[in-house]
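J.: Quick one, entry_29.txt (compact mmCIF, C-alpha atoms):
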```txt
# COMPACT_ATOMS: atom_id res chain seq x y z
CA MET A 13 19.42 -6.45 -11.12
CA ASP A 14 20.95 -4.72 -8.14
CA PHE A 15 18.20 -3.98 -5.61
CA ILE A 16 14.74 -5.31 -4.79
CA HIS A 17 12.44 -3.32 -2.54
CA ALA A 18 10.29 -6.12 -1.15
CA HIS A 19 6.72 -5.49 -0.05
CA GLY A 20 7.61 -7.20 3.24
CA THR A 21 4.24 -7.65 4.89
CA GLY A 22 5.73 -9.38 7.91
CA THR A 23 3.29 -12.29 7.65
CA ARG A 24 4.52 -15.88 7.19
CA LEU A 25 2.32 -16.59 4.18
CA ASN A 26 3.10 -13.44 2.22
CA ASP A 27 6.78 -13.24 3.15
CA ARG A 28 7.30 -16.89 2.17
CA ALA A 29 5.60 -16.35 -1.19
CA GLU A 30 7.63 -13.19 -1.84
CA ALA A 31 10.90 -14.89 -0.83
CA GLU A 32 10.16 -17.83 -3.15
CA ILE A 33 9.50 -15.45 -6.05
CA ILE A 34 12.76 -13.62 -5.43
CA GLN A 35 14.78 -16.83 -5.03
CA SER A 36 13.37 -18.37 -8.20
CA LEU A 37 13.72 -15.32 -10.48
CA PHE A 38 16.74 -13.32 -9.32
CA PRO A 39 20.43 -13.91 -8.55
CA ALA A 40 21.24 -14.95 -4.97
CA ASN A 41 23.38 -11.85 -4.36
CA VAL A 42 20.75 -9.23 -5.26
CA ALA A 43 20.25 -6.81 -2.36
CA VAL A 44 16.77 -7.12 -0.82
CA SER A 45 15.19 -4.71 1.62
CA SER A 46 11.80 -3.65 2.86
CA THR A 47 11.32 -0.29 4.51
CA LYS A 48 8.07 -0.95 6.37
CA GLY A 49 10.06 -1.25 9.61
CA ALA A 50 11.07 2.39 9.15
CA THR A 51 7.87 3.85 7.71
CA GLY A 52 5.16 1.59 9.05
CA HIS A 53 2.46 0.30 6.73
CA THR A 54 1.23 3.30 4.80
CA LEU A 55 -1.69 1.32 3.32
CA GLY A 56 -2.48 2.72 -0.14
CA ALA A 57 0.75 4.70 -0.23
CA SER A 58 3.08 1.74 0.41
CA GLY A 59 3.67 1.14 -3.31
CA ALA A 60 4.53 4.79 -3.84
CA MET A 61 6.84 4.74 -0.81
CA GLY A 62 8.61 1.66 -2.20
CA ALA A 63 9.01 3.38 -5.57
CA ILE A 64 10.50 6.44 -3.84
CA PHE A 65 13.00 4.27 -1.97
CA CYS A 66 14.00 2.63 -5.28
CA LEU A 67 14.51 6.01 -6.93
CA MET A 68 16.53 7.24 -3.95
CA ALA A 69 18.71 4.11 -4.09
CA LEU A 70 19.35 4.73 -7.79
CA HIS A 71 20.14 8.40 -7.22
CA HIS A 72 22.25 8.16 -4.05
CA GLN A 73 23.72 4.67 -4.68
CA ILE A 74 22.74 3.61 -1.18
CA VAL A 75 20.55 0.60 -0.40
CA PRO A 76 18.19 1.16 2.57
CA PRO A 77 18.07 -1.37 5.43
CA CYS A 78 15.33 -3.65 6.71
CA VAL A 79 14.84 -1.72 9.96
CA GLY A 80 13.99 -4.02 12.86
CA LEU A 81 14.89 -7.27 11.07
CA GLN A 82 16.49 -9.66 13.56
CA ASN A 83 16.15 -13.13 12.06
CA SER A 84 15.02 -14.37 8.68
CA ALA A 85 13.77 -17.77 7.62
CA TYR A 86 14.78 -17.05 4.03
CA SER A 87 18.09 -17.27 2.16
CA LEU A 88 18.03 -13.77 0.75
CA ASN A 89 20.67 -11.04 0.75
CA LEU A 90 18.66 -8.99 3.25
CA ILE A 91 20.23 -5.61 3.96
CA ARG A 92 20.41 -4.96 7.71
CA GLN A 93 22.05 -1.53 7.58
CA ALA A 94 22.26 1.10 4.87
CA GLN A 95 25.15 0.44 2.51
CA ASN A 96 26.78 1.96 -0.52
CA ALA A 97 26.11 -0.05 -3.66
CA SER A 98 26.29 0.27 -7.41
CA VAL A 99 22.57 0.33 -8.12
CA GLN A 100 21.76 0.46 -11.84
CA ILE A 101 18.44 -1.41 -11.77
CA ALA A 102 15.92 -1.53 -8.91
CA ILE A 103 12.60 -3.36 -8.65
CA CYS A 104 9.74 -2.50 -6.32
CA PHE A 105 7.22 -5.18 -5.32
CA SER A 106 3.82 -3.92 -4.23
CA PHE A 107 1.18 -6.41 -3.09
CA GLY A 108 -2.09 -4.83 -2.05
CA PHE A 109 -5.21 -5.89 -0.28
CA GLY A 110 -7.54 -8.06 -2.32
CA GLY A 111 -4.85 -9.22 -4.74
CA GLN A 112 -3.92 -5.83 -6.22
CA ASN A 113 -0.34 -6.62 -7.18
CA ALA A 114 2.25 -4.67 -9.15
CA VAL A 115 5.98 -4.72 -9.79
CA LEU A 116 7.83 -1.63 -11.04
CA ALA A 117 11.32 -1.67 -12.53
CA PHE A 118 13.55 1.40 -12.49
CA ALA A 119 16.89 1.89 -14.24
CA ARG A 120 19.56 4.51 -13.87
CA PRO A 121 19.97 6.31 -17.21
CA THR A 122 23.32 6.40 -18.92
CA VAL A 123 25.02 9.78 -19.29
CA THR A 124 24.09 9.87 -22.99
CA GLN A 125 20.43 9.09 -22.21
CA ALA A 126 20.36 11.77 -19.52
CA LYS A 127 21.74 14.41 -21.93
CA ILE A 128 19.18 13.47 -24.58
CA GLU A 129 16.31 13.59 -22.08
CA ARG A 130 17.51 16.93 -20.67
CA SER A 131 17.69 18.29 -24.22
CA LYS A 132 14.13 17.14 -24.94
CA PHE A 133 12.90 18.59 -21.64
CA LEU A 134 14.56 21.98 -22.17
CA SER A 135 13.31 22.19 -25.75
CA LEU A 136 9.77 22.04 -24.38
CA PHE A 137 10.47 25.41 -22.77
CA GLY A 138 12.14 26.91 -25.84
CA GLU A 139 15.63 26.74 -24.36
CA SER A 140 18.61 25.57 -26.36
CA TYR A 141 20.91 22.89 -25.05
CA GLU A 142 24.32 21.79 -26.25
CA ALA A 143 24.95 18.05 -25.68
```
Go ahead and render the structure in this file as structure tokens.
T.:
Amino acid sequence: MDFIHAHGTGTRLNDRAEAEIIQSLFPANVAVSSTKGATGHTLGASGAMGAIFCLMALHHQIVPPCVGLQNSAYSLNLIRQAQNASVQIAICFSFGFGGQNAVLAFARPTVTQAKIERSKFLSLFGESYEA
């Protein structure tokens, strides 16, 4: 586990619960960020935005910062400015109104997996592909 995109509601109750989950399940050094300070709360789209940030971190190998974070009451590896990182696995927490909760896990494919998937994709279009 290399990066957690926290839901980061900014409320004491929800942030405490999320921090406790992260601290109890994941290594202390896992990078944690929430991007709501940069994007604002996008309501129903916040889960999709978090997923996009996870995919971008996997692709670009850069962990986004918690924009606007000054102090934290939690012992998490909170990212305060964008940084290069070796991100192989990213998790996105999404906690919605009325208890609609989801967690998505994303992994960077290996080179072999990527070649196989590209081959399968191209074969759908009748193109040949040499691995």
J.: What gap, in Å, lies between atom CA of Ala40 of chain A and atom CA of Thr54 of chain A?
T.: 28.8 Å
J.: Find the residue from A:Ala57, A:Ala31, A:Ala63, A:Ile91 that sits nearest to Val44 of chain A; use all atoms listed in the file when measuring.
T.: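 Checking each of A:Ala57, A:Ala31, A:Ala63, A:Ile91 against Val44 of chain A, counting all atoms listed in the file, the winner is A:Ile91.
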J.: Mind checking which residues fall within 9 Å of segment 65-68 of chain A, counting all atoms listed in the file, ignoring those fewer than 3 positions away in the same chain, and posting them as a tab-separated table (two decimals) with C-alpha atoms, keeping the file's coordinate frame?
T.:
```
chain	number	residue	atom	x	y	z
A	15	PHE	CA	18.20	-3.98	-5.61
A	16	ILE	CA	14.74	-5.31	-4.79
A	17	HIS	CA	12.44	-3.32	-2.54
A	47	THR	CA	11.32	-0.29	4.51
A	60	ALA	CA	4.53	4.79	-3.84
A	61	MET	CA	6.84	4.74	-0.81
A	62	GLY	CA	8.61	1.66	-2.20
A	71	HIS	CA	20.14	8.40	-7.22
A	72	HIS	CA	22.25	8.16	-4.05
A	73	GLN	CA	23.72	4.67	-4.68
A	74	ILE	CA	22.74	3.61	-1.18
A	75	VAL	CA	20.55	0.60	-0.40
A	76	PRO	CA	18.19	1.16	2.57
A	101	ILE	CA	18.44	-1.41	-11.77
A	102	ALA	CA	15.92	-1.53	-8.91
A	103	ILE	CA	12.60	-3.36	-8.65
A	104	CYS	CA	9.74	-2.50	-6.32
A	117	ALA	CA	11.32	-1.67	-12.53
A	118	PHE	CA	13.55	1.40	-12.49
A	119	ALA	CA	16.89	1.89	-14.24
A	120	ARG	CA	19.56	4.51	-13.87
```
J.: Go through A:Val42, A:Ala18, A:Leu37, A:Ala69 and flag the residue nearest Gln95 of chain A, using only C-alpha atoms for the distances.
T.: A:Ala69
J.: I need the residue nearest Val79 of chain A from this list: A:Thr51, A:Gln112, A:Asn26, A:Asn96. Use all atoms listed in the file for the distance.
T.: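 Of the candidates, the smallest distance to Val79 of chain A is held by A:Thr51.
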J.: Separation of atom CA of Ala50 of chain A and atom CA of Gln35 of chain A, in Å?
T.: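 We find that atom CA of Ala50 of chain A and atom CA of Gln35 of chain A lie 24.2 Å from each other.
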J.: Considering all atoms listed in the file, state which residue in the set A:Gly22, A:Glu30, A:Leu70, A:Ser36 is at the smallest distance from Ala97 of chain A.
T.: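 For Ala97 of chain A, the nearest of the given residues is A:Leu70.
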J.: Suppose you want the space between atom CA of Ser98 of chain A and atom CA of Ser58 of chain A; what is it in Å?
T.: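 Rounded to one decimal, the two atoms are 24.5 Å apart.
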J.: Residues near Leu81 of chain A, anyone? I mean within 9 Å using all atoms listed in the file, not counting same-chain ones fewer than 6 positions away, as a list in words.
T.: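 What passes the distance filter is Gly49, Leu90 and Arg92 of chain A.
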J.: Could you tell me which of A:Phe107, A:Gly56, A:Ser45, A:Thr122 comes closest to Ala94 of chain A if we count only C-alpha atoms?
T.: A:Ser45
J.: Let me make sure I understand: among A:Val99, A:Ala85, A:Val115, A:Met13, which one has the smallest atom-to-atom distance to Pro39 of chain A if we use all atoms listed in the file?
T.: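 That would be A:Met13, the residue with the smallest distance to Pro39 of chain A.
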J.: What's the 9 Å shell around Asn41 of chain A, counting all atoms listed in the file, without same-chain residues fewer than 3 positions away, as an MDAnalysis selection string?
T.: chainID A and resid 14 38 44 88:89
J.: Store the residues of this selection in a file with C-alpha atoms, as a JSON list (two decimals), in the coordinates of the input.
T.:
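And here is the file that came out, selection.json:
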```
[["chain", "number", "residue", "atom", "x", "y", "z"],
["A", 14, "ASP", "CA", 20.95, -4.72, -8.14],
["A", 38, "PHE", "CA", 16.74, -13.32, -9.32],
["A", 44, "VAL", "CA", 16.77, -7.12, -0.82],
["A", 88, "LEU", "CA", 18.03, -13.77, 0.75],
["A", 89, "ASN", "CA", 20.67, -11.04, 0.75]]
```
J.: Could you add whatever atoms are missing so that segment 58-87 of chain A carries N, CA and C atoms, then write the result as a PDB file, keeping the file's coordinate frame?
T.:
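New file selection.pdb:
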```pdb
ATOM      1  N   SER A  58       1.875   2.564   0.241  1.00  0.00           N
ATOM      2  CA  SER A  58       3.080   1.740   0.410  1.00  0.00           C
ATOM      3  C   SER A  58       3.784   1.478  -0.916  1.00  0.00           C
ATOM      4  N   GLY A  59       3.042   1.317  -1.996  1.00  0.00           N
ATOM      5  CA  GLY A  59       3.670   1.140  -3.310  1.00  0.00           C
ATOM      6  C   GLY A  59       4.430   2.374  -3.742  1.00  0.00           C
ATOM      7  N   ALA A  60       3.850   3.541  -3.500  1.00  0.00           N
ATOM      8  CA  ALA A  60       4.530   4.790  -3.840  1.00  0.00           C
ATOM      9  C   ALA A  60       5.771   4.983  -2.979  1.00  0.00           C
ATOM     10  N   MET A  61       5.680   4.623  -1.704  1.00  0.00           N
ATOM     11  CA  MET A  61       6.840   4.740  -0.810  1.00  0.00           C
ATOM     12  C   MET A  61       7.956   3.815  -1.289  1.00  0.00           C
ATOM     13  N   GLY A  62       7.611   2.591  -1.678  1.00  0.00           N
ATOM     14  CA  GLY A  62       8.610   1.660  -2.200  1.00  0.00           C
ATOM     15  C   GLY A  62       9.274   2.197  -3.454  1.00  0.00           C
ATOM     16  N   ALA A  63       8.473   2.790  -4.340  1.00  0.00           N
ATOM     17  CA  ALA A  63       9.010   3.380  -5.570  1.00  0.00           C
ATOM     18  C   ALA A  63       9.971   4.519  -5.235  1.00  0.00           C
ATOM     19  N   ILE A  64       9.625   5.327  -4.254  1.00  0.00           N
ATOM     20  CA  ILE A  64      10.500   6.440  -3.840  1.00  0.00           C
ATOM     21  C   ILE A  64      11.820   5.905  -3.294  1.00  0.00           C
ATOM     22  N   PHE A  65      11.764   4.856  -2.488  1.00  0.00           N
ATOM     23  CA  PHE A  65      13.000   4.270  -1.970  1.00  0.00           C
ATOM     24  C   PHE A  65      13.862   3.709  -3.106  1.00  0.00           C
ATOM     25  N   CYS A  66      13.239   3.120  -4.116  1.00  0.00           N
ATOM     26  CA  CYS A  66      14.000   2.630  -5.280  1.00  0.00           C
ATOM     27  C   CYS A  66      14.679   3.781  -6.009  1.00  0.00           C
ATOM     28  N   LEU A  67      13.946   4.850  -6.239  1.00  0.00           N
ATOM     29  CA  LEU A  67      14.510   6.010  -6.930  1.00  0.00           C
ATOM     30  C   LEU A  67      15.637   6.647  -6.111  1.00  0.00           C
ATOM     31  N   MET A  68      15.466   6.690  -4.799  1.00  0.00           N
ATOM     32  CA  MET A  68      16.530   7.240  -3.950  1.00  0.00           C
ATOM     33  C   MET A  68      17.770   6.352  -3.984  1.00  0.00           C
ATOM     34  N   ALA A  69      17.574   5.035  -3.997  1.00  0.00           N
ATOM     35  CA  ALA A  69      18.710   4.110  -4.090  1.00  0.00           C
ATOM     36  C   ALA A  69      19.459   4.314  -5.405  1.00  0.00           C
ATOM     37  N   LEU A  70      18.729   4.488  -6.494  1.00  0.00           N
ATOM     38  CA  LEU A  70      19.350   4.730  -7.790  1.00  0.00           C
ATOM     39  C   LEU A  70      20.119   6.056  -7.796  1.00  0.00           C
ATOM     40  N   HIS A  71      19.531   7.072  -7.215  1.00  0.00           N
ATOM     41  CA  HIS A  71      20.140   8.400  -7.220  1.00  0.00           C
ATOM     42  C   HIS A  71      21.366   8.490  -6.293  1.00  0.00           C
ATOM     43  N   HIS A  72      21.207   8.006  -5.061  1.00  0.00           N
ATOM     44  CA  HIS A  72      22.250   8.160  -4.050  1.00  0.00           C
ATOM     45  C   HIS A  72      23.232   6.990  -3.996  1.00  0.00           C
ATOM     46  N   GLN A  73      22.877   5.873  -4.702  1.00  0.00           N
ATOM     47  CA  GLN A  73      23.720   4.670  -4.680  1.00  0.00           C
ATOM     48  C   GLN A  73      23.897   4.129  -3.264  1.00  0.00           C
ATOM     49  N   ILE A  74      22.792   4.164  -2.528  1.00  0.00           N
ATOM     50  CA  ILE A  74      22.740   3.610  -1.180  1.00  0.00           C
ATOM     51  C   ILE A  74      21.495   2.737  -1.077  1.00  0.00           C
ATOM     52  N   VAL A  75      21.674   1.514  -0.574  1.00  0.00           N
ATOM     53  CA  VAL A  75      20.550   0.600  -0.400  1.00  0.00           C
ATOM     54  C   VAL A  75      20.047   0.739   1.032  1.00  0.00           C
ATOM     55  N   PRO A  76      18.729   0.978   1.211  1.00  0.00           N
ATOM     56  CA  PRO A  76      18.190   1.160   2.570  1.00  0.00           C
ATOM     57  C   PRO A  76      18.092  -0.177   3.306  1.00  0.00           C
ATOM     58  N   PRO A  77      18.119  -0.129   4.648  1.00  0.00           N
ATOM     59  CA  PRO A  77      18.070  -1.370   5.430  1.00  0.00           C
ATOM     60  C   PRO A  77      16.648  -1.831   5.728  1.00  0.00           C
ATOM     61  N   CYS A  78      16.571  -3.089   6.146  1.00  0.00           N
ATOM     62  CA  CYS A  78      15.330  -3.650   6.710  1.00  0.00           C
ATOM     63  C   CYS A  78      15.366  -3.305   8.202  1.00  0.00           C
ATOM     64  N   VAL A  79      14.810  -2.178   8.570  1.00  0.00           N
ATOM     65  CA  VAL A  79      14.840  -1.720   9.960  1.00  0.00           C
ATOM     66  C   VAL A  79      14.039  -2.700  10.833  1.00  0.00           C
ATOM     67  N   GLY A  80      14.670  -3.138  11.916  1.00  0.00           N
ATOM     68  CA  GLY A  80      13.990  -4.020  12.860  1.00  0.00           C
ATOM     69  C   GLY A  80      14.143  -5.506  12.555  1.00  0.00           C
ATOM     70  N   LEU A  81      14.720  -5.862  11.414  1.00  0.00           N
ATOM     71  CA  LEU A  81      14.890  -7.270  11.070  1.00  0.00           C
ATOM     72  C   LEU A  81      15.937  -7.891  11.995  1.00  0.00           C
ATOM     73  N   GLN A  82      15.539  -8.969  12.677  1.00  0.00           N
ATOM     74  CA  GLN A  82      16.490  -9.660  13.560  1.00  0.00           C
ATOM     75  C   GLN A  82      16.874 -11.013  12.992  1.00  0.00           C
ATOM     76  N   ASN A  83      15.901 -11.803  12.623  1.00  0.00           N
ATOM     77  CA  ASN A  83      16.150 -13.130  12.060  1.00  0.00           C
ATOM     78  C   ASN A  83      15.296 -13.298  10.818  1.00  0.00           C
ATOM     79  N   SER A  84      15.799 -14.093   9.879  1.00  0.00           N
ATOM     80  CA  SER A  84      15.020 -14.370   8.680  1.00  0.00           C
ATOM     81  C   SER A  84      15.014 -15.862   8.413  1.00  0.00           C
ATOM     82  N   ALA A  85      13.892 -16.360   7.980  1.00  0.00           N
ATOM     83  CA  ALA A  85      13.770 -17.770   7.620  1.00  0.00           C
ATOM     84  C   ALA A  85      14.140 -18.005   6.168  1.00  0.00           C
ATOM     85  N   TYR A  86      14.567 -16.958   5.470  1.00  0.00           N
ATOM     86  CA  TYR A  86      14.780 -17.050   4.030  1.00  0.00           C
ATOM     87  C   TYR A  86      16.233 -16.762   3.663  1.00  0.00           C
ATOM     88  N   SER A  87      16.710 -17.450   2.649  1.00  0.00           N
ATOM     89  CA  SER A  87      18.090 -17.270   2.160  1.00  0.00           C
ATOM     90  C   SER A  87      18.131 -16.159   1.137  1.00  0.00           C
TER      91      SER A  87
END
```
